[in-house]
Every structure is written in C-alpha cells, then in structure tokens.
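Content type mmCIF, C-alpha atoms, from the file target-v1.cif:
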data_input
loop_
_atom_site.label_atom_id
_atom_site.label_comp_id
_atom_site.auth_asym_id
_atom_site.auth_seq_id
_atom_site.Cartn_x
_atom_site.Cartn_y
_atom_site.Cartn_z
CA MET A 582 198.72 27.05 132.00
CA SER A 583 195.74 24.77 132.55
CA GLY A 584 193.66 27.78 133.60
CA LEU A 585 194.48 29.58 130.36
CA LEU A 586 193.64 26.46 128.38
CA LEU A 587 190.28 26.17 130.14
CA LEU A 588 189.53 29.84 129.43
CA TRP A 589 190.51 29.32 125.78
CA TRP A 590 188.19 26.33 125.30
CA THR A 591 185.37 28.09 127.15
CA SER A 592 185.65 31.07 124.78
CA ILE A 593 185.64 28.78 121.75
CA THR A 594 182.57 26.93 123.07
CA LEU A 595 180.67 30.14 123.72
CA ALA A 596 181.54 31.52 120.29
CA ALA A 597 180.48 28.26 118.62
CA GLY A 598 177.23 28.28 120.58
CA ALA A 599 176.51 31.88 119.59
CA LEU A 600 177.27 31.12 115.95
CA ALA A 601 174.97 28.08 116.02
CA TRP A 602 172.20 30.13 117.64
CA ILE A 603 172.47 32.93 115.08
CA SER A 604 172.55 30.39 112.25
CA ALA A 605 169.41 28.73 113.59
CA LEU A 606 167.65 32.11 113.74
CA VAL A 607 168.65 32.96 110.17
CA ILE A 608 167.57 29.57 108.85
CA GLY A 609 164.31 29.76 110.78
CA ARG A 610 163.60 33.19 109.33
CA LEU A 611 164.26 31.92 105.80
CA PHE A 612 161.85 29.04 106.33
CA ARG A 613 159.18 31.42 107.70
CA GLU A 614 159.58 33.79 104.76
CA GLN A 615 159.27 30.90 102.30
CA ARG A 616 156.22 29.56 104.13
CA ASP A 617 154.57 32.99 104.20
CA ALA A 618 155.30 33.53 100.51
CA ARG A 619 153.83 30.13 99.64
CA ARG A 620 150.78 30.86 101.77
CA GLY A 621 150.33 34.21 100.01
CA ARG A 622 150.47 32.53 96.60
CA ASP A 623 147.96 29.91 97.71
CA ARG A 624 145.62 32.59 99.04
CA ASP A 625 145.78 34.44 95.72
CA ARG A 626 145.14 31.19 93.89
CA ALA A 627 142.09 30.39 96.02
CA CYS A 628 140.76 33.94 95.72
CA ASP A 629 141.09 33.94 91.93
CA ALA A 630 139.34 30.57 91.72
CA PHE A 631 136.50 31.75 93.96
CA LEU A 632 136.03 34.91 91.90
CA ASP A 633 135.92 32.88 88.69
CA VAL A 634 133.33 30.55 90.21
CA MET A 635 131.16 33.52 91.15
CA ASN A 636 131.49 34.77 87.57
CA GLY A 637 130.22 31.44 86.24
CA SER A 638 133.45 29.70 85.20
CA GLY A 639 132.84 25.96 85.30
CA ASP A 640 136.47 24.80 85.46
CA ALA A 641 137.65 27.19 88.20
CA LEU A 642 137.32 24.61 90.96
CA GLY A 643 139.94 22.47 89.25
CA ARG A 644 142.55 25.09 90.11
CA LEU A 645 141.97 24.42 93.81
CA ARG A 646 143.57 20.97 93.62
CA GLY A 647 146.50 20.84 95.97
CA ILE A 648 145.16 23.49 98.33
CA ASP A 649 141.57 22.40 98.88
CA HIS A 650 142.72 20.32 101.88
CA ARG A 651 143.91 23.50 103.64
CA ALA A 652 140.69 24.20 105.50
CA ARG A 653 141.93 27.27 107.37
CA LEU A 654 143.26 29.04 104.29
CA MET A 655 140.15 28.23 102.26
CA GLY A 656 137.92 29.43 105.09
CA GLU A 657 139.76 32.72 105.51
CA VAL A 658 139.51 33.50 101.80
CA LEU A 659 135.85 32.53 101.71
CA LEU A 660 134.93 34.72 104.69
CA GLU A 661 136.78 37.71 103.26
CA LEU A 662 134.99 37.41 99.93
CA LEU A 663 131.52 36.75 101.27
CA ALA A 664 131.79 39.80 103.51
CA MET A 665 131.67 41.84 100.29
CA VAL A 666 129.40 39.72 98.08
CA ARG A 667 125.65 39.07 98.13
CA GLY A 668 123.05 37.58 95.83
CA VAL A 669 123.49 35.10 93.00
CA GLU A 670 127.31 35.15 93.07
CA ARG A 671 127.34 34.24 96.75
CA ASP A 672 124.92 31.35 96.23
CA ARG A 673 126.92 30.12 93.23
CA LEU A 674 130.13 29.98 95.25
CA ILE A 675 128.50 28.20 98.20
CA THR A 676 126.96 25.59 95.88
CA ALA A 677 130.32 25.01 94.18
CA LEU A 678 132.11 24.53 97.51
CA ARG A 679 129.44 22.05 98.61
CA SER A 680 130.09 20.09 95.41
CA ILE A 681 133.72 19.47 96.43
CA ASN A 682 132.73 18.72 100.07
CA MET A 683 134.44 21.76 101.59
CA ASP A 684 131.72 21.99 104.22
CA ASP A 685 132.57 18.43 105.28
CA ARG A 686 136.25 19.36 105.58
CA TRP A 687 135.35 22.31 107.79
CA ARG A 688 133.15 20.11 109.97
CA ARG A 689 136.08 17.74 110.52
CA ARG A 690 138.41 20.68 111.14
CA LEU A 691 136.32 21.68 114.16
CA PHE A 692 137.83 18.81 116.14
CA ARG A 693 141.51 18.90 115.24
CA GLY A 694 144.39 21.23 114.50
CA ARG A 695 145.31 24.61 115.89
CA LEU A 696 142.85 26.90 117.57
CA ALA A 697 142.92 29.57 114.83
CA GLY A 698 141.99 27.01 112.17
CA ARG A 699 139.16 25.61 114.27
CA MET A 700 137.75 29.10 114.77
CA VAL A 701 137.88 29.80 111.02
CA ALA A 702 136.10 26.50 110.36
CA ALA A 703 133.39 27.41 112.87
CA GLU A 704 132.80 30.78 111.19
CA ALA A 705 132.84 29.31 107.68
CA LEU A 706 130.22 26.71 108.61
CA SER A 707 127.69 29.46 109.39
CA ILE A 708 127.31 29.75 105.61
CA PHE A 709 126.35 26.08 105.18
CA PRO A 710 123.00 25.43 106.90
CA GLY A 711 121.83 21.89 107.51
CA PRO A 712 121.46 19.33 110.28
CA GLU A 713 124.99 17.96 109.75
CA THR A 714 126.50 21.40 110.34
CA VAL A 715 124.32 22.16 113.38
CA ASN A 716 125.12 18.81 114.96
CA ALA A 717 128.85 19.23 114.32
CA LEU A 718 128.86 22.71 115.83
CA ARG A 719 126.96 21.52 118.90
CA GLU A 720 129.30 18.57 119.39
CA ALA A 721 132.32 20.84 119.06
CA LEU A 722 130.78 23.24 121.56
CA ASP A 723 130.36 20.42 124.07
CA GLN A 724 134.06 19.59 123.74
CA ALA A 725 135.54 23.10 123.44
CA ARG A 726 137.25 24.69 126.42
CA ASN A 727 138.73 27.85 124.91
CA GLY A 728 136.51 30.92 125.30
CA ASN A 729 137.24 32.36 121.85
CA LEU A 730 136.40 29.07 120.17
CA ARG A 731 133.19 28.67 122.16
CA VAL A 732 132.09 32.17 121.14
CA ALA A 733 132.81 31.40 117.46
CA LEU A 734 130.80 28.17 117.68
CA MET A 735 127.89 29.90 119.42
CA ARG A 736 127.91 32.72 116.88
CA SER A 737 127.61 30.25 114.00
CA LEU A 738 124.78 28.40 115.74
CA ILE A 739 122.94 31.70 116.15
CA GLU A 740 123.48 32.50 112.47
CA LEU A 741 121.95 29.11 111.63
CA ASP A 742 118.89 29.76 113.81
CA ALA A 743 120.02 27.04 116.22
CA ALA A 744 121.05 29.30 119.09
CA PRO A 745 122.34 27.63 122.25
CA PRO A 746 120.13 27.99 125.34
CA LEU A 747 120.50 31.29 127.15
CA ALA A 748 121.32 29.41 130.37
CA GLN A 749 124.31 27.76 128.68
CA VAL A 750 125.68 31.11 127.52
CA LEU A 751 125.23 32.54 131.02
CA ARG A 752 127.16 29.62 132.49
CA ASP A 753 129.94 30.27 130.00
CA ILE A 754 130.10 33.92 131.04
CA HIS A 755 130.26 32.90 134.70
CA ARG A 756 133.20 30.57 134.01
CA SER A 757 135.07 33.06 131.81
CA ARG A 758 138.07 34.96 133.11
CA GLY A 759 138.11 38.74 133.46
CA SER A 760 137.70 40.64 130.19
CA GLU A 761 137.06 37.35 128.35
CA SER A 762 133.40 37.72 129.32
CA LEU A 763 133.15 40.76 127.00
CA LEU A 764 133.47 38.36 124.06
CA TYR A 765 129.94 37.24 124.82
CA LEU A 766 128.36 40.69 124.63
CA PRO A 767 127.53 40.58 120.86
CA LEU A 768 126.13 37.06 121.30
CA MET A 769 124.04 38.15 124.24
CA GLY A 770 122.62 41.00 122.19
CA ARG A 771 121.42 38.54 119.55
CA LEU A 772 119.96 36.20 122.17
CA VAL A 773 118.20 39.03 124.03
CA ASN A 774 116.64 40.30 120.82
CA GLY A 775 115.49 36.78 120.04
CA ASP A 776 113.89 36.10 123.43
CA THR A 777 113.66 39.19 125.60
CA ARG A 778 111.32 37.52 128.09
CA ALA A 779 113.86 34.81 128.89
CA ALA A 780 116.59 37.44 129.23
CA LEU A 781 114.47 39.50 131.64
CA ARG A 782 113.74 36.41 133.73
CA ALA A 783 117.44 35.58 133.92
CA PHE A 784 118.34 39.18 134.76
CA GLY A 785 115.84 39.25 137.61
CA ASP A 786 116.87 35.84 138.95
CA PRO A 787 119.09 36.25 142.05
CA GLU A 788 120.74 32.94 141.18
CA THR A 789 122.13 34.36 137.92
CA PRO A 790 125.88 35.03 138.43
CA ALA A 791 126.85 38.69 138.81
CA ARG A 792 129.13 38.72 135.76
CA ALA A 793 126.35 37.32 133.58
CA ARG A 794 123.92 39.95 134.88
CA VAL A 795 126.42 42.65 133.91
CA ILE A 796 126.47 41.42 130.30
CA LEU A 797 122.69 41.05 130.34
CA ALA A 798 122.24 44.63 131.55
CA GLU A 799 124.16 46.08 128.62
CA ALA A 800 122.42 43.76 126.14
CA LEU A 801 118.96 44.61 127.50
CA GLY A 802 119.72 48.31 127.23
CA ALA A 803 120.94 47.92 123.66
CA SER A 804 117.78 45.96 122.77
CA GLY A 805 115.62 49.07 123.23
CA ASP A 806 112.85 46.95 124.76
CA PHE A 807 111.11 49.19 127.30
CA ARG A 808 110.19 46.16 129.41
CA ALA A 809 113.80 46.29 130.59
CA LEU A 810 113.48 49.81 132.02
CA LYS A 811 112.20 48.84 135.47
CA PRO A 812 114.71 45.99 136.07
CA LEU A 813 117.59 48.21 134.95
CA CYS A 814 116.43 51.07 137.17
CA ILE A 815 116.31 48.74 140.17
CA ALA A 816 119.77 47.37 139.35
CA THR A 817 121.33 50.87 139.52
CA ARG A 818 121.13 50.39 143.31
CA ALA A 819 122.61 46.86 143.31
CA PRO A 820 125.47 46.07 145.72
CA ASP A 821 127.67 44.91 142.82
CA ILE A 822 129.60 47.87 141.39
CA GLU A 823 129.95 46.48 137.87
CA LEU A 824 126.23 45.75 137.74
CA ARG A 825 125.43 49.34 138.75
CA ILE A 826 127.71 50.64 136.01
CA ALA A 827 126.25 48.31 133.37
CA SER A 828 122.68 49.18 134.38
CA VAL A 829 123.37 52.91 134.08
CA ARG A 830 124.90 52.32 130.67
CA GLY A 831 121.92 50.22 129.68
CA LEU A 832 119.57 53.03 130.65
CA ALA A 833 121.70 55.47 128.68
CA ALA A 834 121.41 53.25 125.61
CA MET A 835 117.62 53.16 125.97
CA GLY A 836 117.49 56.93 126.27
CA HIS A 837 114.15 57.01 128.11
CA PRO A 838 113.49 59.92 130.51
CA VAL A 839 111.69 57.61 132.97
CA ALA A 840 115.18 56.71 134.23
CA GLU A 841 115.75 60.30 135.41
CA ALA A 842 115.51 59.71 139.16
CA HIS A 843 117.86 56.74 139.03
CA ILE A 844 120.44 58.56 136.93
CA LEU A 845 120.32 61.53 139.33
CA ALA A 846 120.91 59.16 142.23
CA ALA A 847 123.79 57.49 140.39
CA LEU A 848 125.46 60.90 139.92
CA GLU A 849 126.06 60.88 143.67
CA ASP A 850 127.21 57.26 143.91
CA PRO A 851 130.26 56.78 146.16
CA VAL A 852 132.06 54.89 143.36
CA TRP A 853 133.58 57.21 140.76
CA MET A 854 133.05 54.77 137.88
CA VAL A 855 129.30 54.81 138.53
CA ARG A 856 129.30 58.61 138.69
CA SER A 857 131.18 58.76 135.39
CA ALA A 858 128.68 56.43 133.69
CA ALA A 859 125.81 58.48 135.13
CA CYS A 860 127.28 61.71 133.74
CA GLU A 861 127.44 60.17 130.28
CA ALA A 862 123.91 58.79 130.64
CA ALA A 863 122.51 62.18 131.63
CA GLY A 864 123.94 63.70 128.46
CA ARG A 865 122.72 60.90 126.20
CA ILE A 866 119.19 60.94 127.62
CA GLY A 867 119.07 64.76 127.68
CA LEU A 868 118.27 65.15 131.38
CA GLN A 869 118.28 68.88 131.96
CA ALA A 870 117.24 68.25 135.56
CA ALA A 871 120.74 66.84 136.05
CA VAL A 872 122.46 70.14 135.21
CA PRO A 873 122.99 71.28 138.86
CA LEU A 874 124.49 67.90 139.80
CA LEU A 875 126.65 67.86 136.67
CA ILE A 876 127.96 71.32 137.49
CA ALA A 877 128.81 70.01 140.95
CA GLN A 878 130.63 67.06 139.37
CA LEU A 879 132.99 69.50 137.65
CA SER A 880 134.67 69.63 141.08
CA ASP A 881 134.87 65.85 141.44
CA PRO A 882 138.30 64.65 142.63
CA VAL A 883 138.46 62.15 139.74
CA TRP A 884 139.44 63.65 136.37
CA TRP A 885 137.36 61.19 134.35
CA VAL A 886 134.17 62.18 136.20
CA ARG A 887 134.90 65.86 135.59
CA PHE A 888 135.52 65.14 131.91
CA ARG A 889 132.24 63.21 131.53
CA ALA A 890 130.32 65.90 133.41
CA GLY A 891 131.68 68.61 131.12
CA GLY A 892 130.81 66.54 128.05
CA ALA A 893 127.26 65.98 129.29
CA LEU A 894 126.71 69.67 130.04
CA SER A 895 127.93 70.64 126.60
CA VAL A 896 125.13 68.63 124.91
CA LEU A 897 122.30 69.68 127.24
CA GLY A 898 121.46 72.85 125.37
CA PRO A 899 121.77 76.48 126.47
CA ILE A 900 121.30 75.71 130.17
CA GLY A 901 124.20 73.27 130.12
CA VAL A 902 126.47 75.59 128.15
CA GLN A 903 125.65 78.46 130.50
CA GLY A 904 126.63 76.27 133.44
CA LEU A 905 129.95 75.51 131.78
CA GLN A 906 130.59 79.16 131.02
CA ALA A 907 129.88 80.11 134.62
CA ALA A 908 132.24 77.39 135.88
CA ALA A 909 134.93 78.44 133.41
CA ALA A 910 134.75 81.99 134.73
CA GLY A 911 134.65 80.88 138.37
CA GLN A 912 137.30 80.70 141.04
CA GLY A 913 137.69 76.97 141.58
CA ASP A 914 140.67 75.50 139.74
CA LEU A 915 139.21 72.01 139.07
CA PRO A 916 135.80 73.14 137.72
CA ARG A 917 137.37 75.98 135.74
CA ARG A 918 139.74 73.62 133.92
CA ALA A 919 137.08 70.95 133.31
CA ALA A 920 134.59 73.52 132.00
CA SER A 921 137.17 75.22 129.78
CA LEU A 922 138.15 71.87 128.27
CA ALA A 923 134.52 70.95 127.55
CA LEU A 924 133.84 74.34 125.96
CA ALA A 925 137.00 74.15 123.85
CA GLU A 926 136.09 70.67 122.58
CA ARG A 927 132.70 71.98 121.44
CA GLY A 928 134.14 75.12 119.89
CA LEU A 929 132.49 77.33 122.52
CA ALA A 930 135.62 78.67 124.20
CA LYS A 931 135.27 82.13 122.62
CA GLU A 932 131.78 82.43 123.96
CA ALA A 933 133.14 81.58 127.41
CA ALA A 934 135.67 84.36 127.07
#
Structure translated into structure tokens:
Amino acid sequence: MSGLLLLWWTSITLAAGALAWISALVIGRLFREQRDARRGRDRDRACDAFLDVMNGSGDALGRLRGIDHRARLMGEVLLELLAMVRGVERDRLITALRSINMDDRWRRRLFRGRLAGRMVAAEALSIFPGPETVNALREALDQARNGNLRVALMRSLIELDAAPPLAQVLRDIHRSRGSESLLYLPLMGRLVNGDTRAALRAFGDPETPARARVILAEALGASGDFRALKPLCIATRAPDIELRIASVRGLAAMGHPVAEAHILAALEDPVWMVRSAACEAAGRIGLQAAVPLLIAQLSDPVWWVRFRAGGALSVLGPIGVQGLQAAAAGQGDLPRRAASLALAERGLAKEAA
C-alpha cells in the first residue's frame, strides 16, 4: 500500500510541477508581448517626434518626455531615420537632440547596460562630432572586450576622422576568433584608403600576424591602389593558405593584367581553394592566356573548382565559349557536366548542341 501511495504522490508532484512550468511560460509570454507592444508604441512616438522636429515643429521634443532616457531605443530610431535623410532636416534633428543632451546620454551608455545598447550608442555618437565624443569612444574602446562592440567603436571613430592606429586594429584582428576577424574587413578598407603607405608597410612586415595580413590583402585589392600589385603578387606564393587565397582575390579585385603569371601559377596550386579563387580571378581580369588551364580545371576532382573554371571560361569571350563547347561535346564525364552547366547558365546550351 505504501508503494501505491508513493506512486500517487509522485504523480501529483510531477503534474503540479508541469502545471507550474506551463503557467510560468504563459505568464512570461504575456509579459514579453506587453513589453514588445510598449516598445513598439514608444518607437512610433519617438519616430513621430523626430519627423516633426525635422519639419520644424518647435514643441515636438516635449513629446519625448518619459522615453528620452531610453538611449538604445532613441538611438535605433535616430539611425533608421538618418539613413534616409540628408541636408537641413538632418542638421535640424541633430541640433535638437543636442539641446536635450541626448549625445551625453549616449556617451554614458557606452559604459553600462547590455551589449546591444552599447553598440547602438557607439553608432549614434558618430553623428555628434566633438572632443567629448571622441574621448568617450576611445575610453570605451580601451575597456571593451567584445569584438562586435570594438568594431562599432572603431567605425564611429573613423566616421569622426579620429581613426584608431592601424597597428591597434591589426592587433585586434590577431586576437579575434575565427570568422570574427571578418568584422574588421570594412574598417580595414577605410583605413587602407586613408593611409595606403602604412597598410603596405604592415602587409610587407613579417611580424604582422597572418590573419591580419589576410584582411589587409583583401582591403589592399579593393583599394585599387596599383602600389599593392607587387606585394599581392608575391603573397600568392606565401606558405599560409588563407593568405594565398586572399592575395589572389585582391588581385582579382584590382583587375590588372600584370598579375597574369601569378594567377596562372595559382591555377595549379595544390590547395583546391586557391585554385578556385584563381579561376574566378582569371575570369574577372579577362586573362585569355588562362583558357587552356581553365579547360584543364574542368576535370578537377573538386566540384567548386570545376564550377569556377566553367564560369571563368564563359566570360572570356569566344575562345572561352569554344573551349566550353568542346568540353561539353567531349568524352570525359566531369568536364562534360561542368561545361554543360556553365553553358546553360549563360544561355549558350543550344549553341553547344
């Protein structure tokens, strides 16, 4: 009997626990829905007030009372609006927000609260130039540990013409984890355009970490500065695989035929990712001398290399298309399929037939 009683009480306890858990979930959902609805109303209220300010309404700022302390919400609305507005209306809104010390609230928000709010504050401050803003952003950068926040702070400093030293950004890239380093690529592009000489010195310095050199290679290529051609060509033979790939991509972005010999060599690289990048580069630069090697790559054991080779041949004019048509009519299964796919994507399949 005691066993049955124990089983009975255990069942009751489990049922009560399940009921309590479900009740907590329901109540939590209700609270979230109410919070989200209130946040939506506050966003609409801030947006309407901002629009009225831009239209010259003098009393619109008074409607922000009660929500002007919510730095994240105010920053999100501001950034959304200013992405679409220029000229006098933009200046009018910025002046009005300065008058109620919103920039000071965002400067304080850099150092407290959740990460998302601190990032919004960092982005919003890029609209408020001045020594107080620059100093606050630099202090926050010294304290920040999160990669996303550091990138947001650096981006605002660059917007304010107070860019952090290139060496500091390179150290950040070296310390970043995996794909996090890609966050720095847009920043590096701005820094390279601002001081290409310093970027070239860092790229050629053997002490510069490999991951940082990878980001530099892509940024130098995107800069279009022909002084980067020789360093990038040399780096296509680097021991580091990622650096070889980035250098080939950089040369592709520059589109200069002087890179021909290095792209041809990369087409025969033992690493398939380098071969794939080289196929794409040959097509972008328009290297017709690469056609025989690209035709050979249609038989590559890696599908992605075959796909890139077919794509490159299809944009290299009649000689490339003829090579595809010959491969599509050939005996080999791999090149025939790769060539047929490339021709079909370009609408040339009938010609192949």
Worksheet item: Do you know which residues are at most 10 Å from Arg818 (chain A) counting only C-alpha atoms, after dropping those on the same chain fewer than 4 positions away, and could you put them as a list in words?
Response: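 Here the qualifying residues turn out to be Leu813, Cys814, Ile822, Leu824, Arg825, Ile826, Ser828, Val829, His843, Ala846, Ala847 and Asp850 of chain A.
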Item to complete: For CA of Ser857 (chain A) and CA of Trp885 (chain A), determine how far apart the two atoms are, in Å to one decimal place.
Response: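 Result for CA of Ser857 (chain A) versus CA of Trp885 (chain A): 6.7 Å, one decimal.
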Discussion item. Which residues are near Arg726 (chain A)? Cut-off 12 Å, all atoms listed in the file, ignore same chain within fewer than 3 positions. Put them as a PyMOL selection string.
Written reply: chain A and resi 692+696+721-723+729-732+734+753+756-757
Can you write out the residues you just picked, keeping C-alpha atoms, as an mmCIF file, in the frame of the given file?
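Here's the written file again32.cif:
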data_model
loop_
_atom_site.group_PDB
_atom_site.id
_atom_site.type_symbol
_atom_site.label_atom_id
_atom_site.label_comp_id
_atom_site.auth_asym_id
_atom_site.auth_seq_id
_atom_site.Cartn_x
_atom_site.Cartn_y
_atom_site.Cartn_z
ATOM 1 C CA PHE A 692 137.830 18.810 116.140
ATOM 2 C CA LEU A 696 142.850 26.900 117.570
ATOM 3 C CA ALA A 721 132.320 20.840 119.060
ATOM 4 C CA LEU A 722 130.780 23.240 121.560
ATOM 5 C CA ASP A 723 130.360 20.420 124.070
ATOM 6 C CA ASN A 729 137.240 32.360 121.850
ATOM 7 C CA LEU A 730 136.400 29.070 120.170
ATOM 8 C CA ARG A 731 133.190 28.670 122.160
ATOM 9 C CA VAL A 732 132.090 32.170 121.140
ATOM 10 C CA LEU A 734 130.800 28.170 117.680
ATOM 11 C CA ASP A 753 129.940 30.270 130.000
ATOM 12 C CA ARG A 756 133.200 30.570 134.010
ATOM 13 C CA SER A 757 135.070 33.060 131.810
#
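Evaluated against the shown file, the PyMOL selection byres ((chain A and resi 805) around 12) gives A:Gly770, A:Val773, A:Asn774, A:Thr777, A:Ala798, A:Glu799, A:Ala800, A:Leu801, A:Gly802, A:Ala803, A:Ser804, A:Asp806, A:Phe807, A:Arg808, A:Ala809, A:Leu810, A:Leu813, A:Gly831, A:Leu832, A:Ala833, A:Ala834, A:Met835, A:Gly836, A:His837.
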Fill in: Exercise: region 873-875 of chain A partners within 9 Å, all atoms listed in the file, chain neighbours under 2 positions left out, as a ChimeraX atom specification
/A:845,848-849,860,863,869-871,877-879,887,889-891,893-894,901,904
Discussion item. As an exercise, work out the distance from CA of Ile900 (chain A) to CA of Lys811 (chain A) in Å and give it to one decimal place.
Written reply: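 Straight-line distance from CA of Ile900 (chain A) to CA of Lys811 (chain A) works out to 28.9 Å.
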Discussion item. List as a PyMOL selection string the protein and nucleic acid residues near Ile648 (chain A), meaning an atom at most 8 Å away when all atoms listed in the file are counted, but skip any in the same chain fewer than 5 places from it.
Written reply: chain A and resi 623+627+655
Worksheet entry | Atomic distance CA of Leu768 (chain A) - CA of Leu660 (chain A), expressed in Å with one decimal |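 Interatomic distance, CA of Leu768 (chain A) to CA of Leu660 (chain A): 18.9 Å.
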Discussion item. For a quick check of understanding, using only C-alpha atoms, which of A:Glu661, A:Asp625, A:Asp821, A:Asp776 has the smallest distance to Val795 (chain A)?
Written reply: A:Asp821
Practice prompt. Go through A:Leu929, A:Ala705, A:Arg646, A:Met635 and flag the residue nearest Arg673 (chain A), using only C-alpha atoms for the distances.
Written response: A:Met635
Worksheet entry | Close residues, Leu706 (chain A) itself excluded, 12 Å, only C-alpha atoms, min 6 positions apart in chain, as an MDAnalysis selection string | chainID A and resid 652:653 655:657 659:660 675 678:679 682:691 699:700 712:719 733:741
Practice prompt. Could you check which of A:Ser604, A:Thr789, A:Ser707, A:Ser880 is closest to Leu747 (chain A), using all atoms listed in the file?
Written response: A:Thr789
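Among the candidates A:Leu751, A:Val607, A:Val634, A:Ala597, the one nearest to Glu670 (chain A) when counting only C-alpha atoms is A:Val634.
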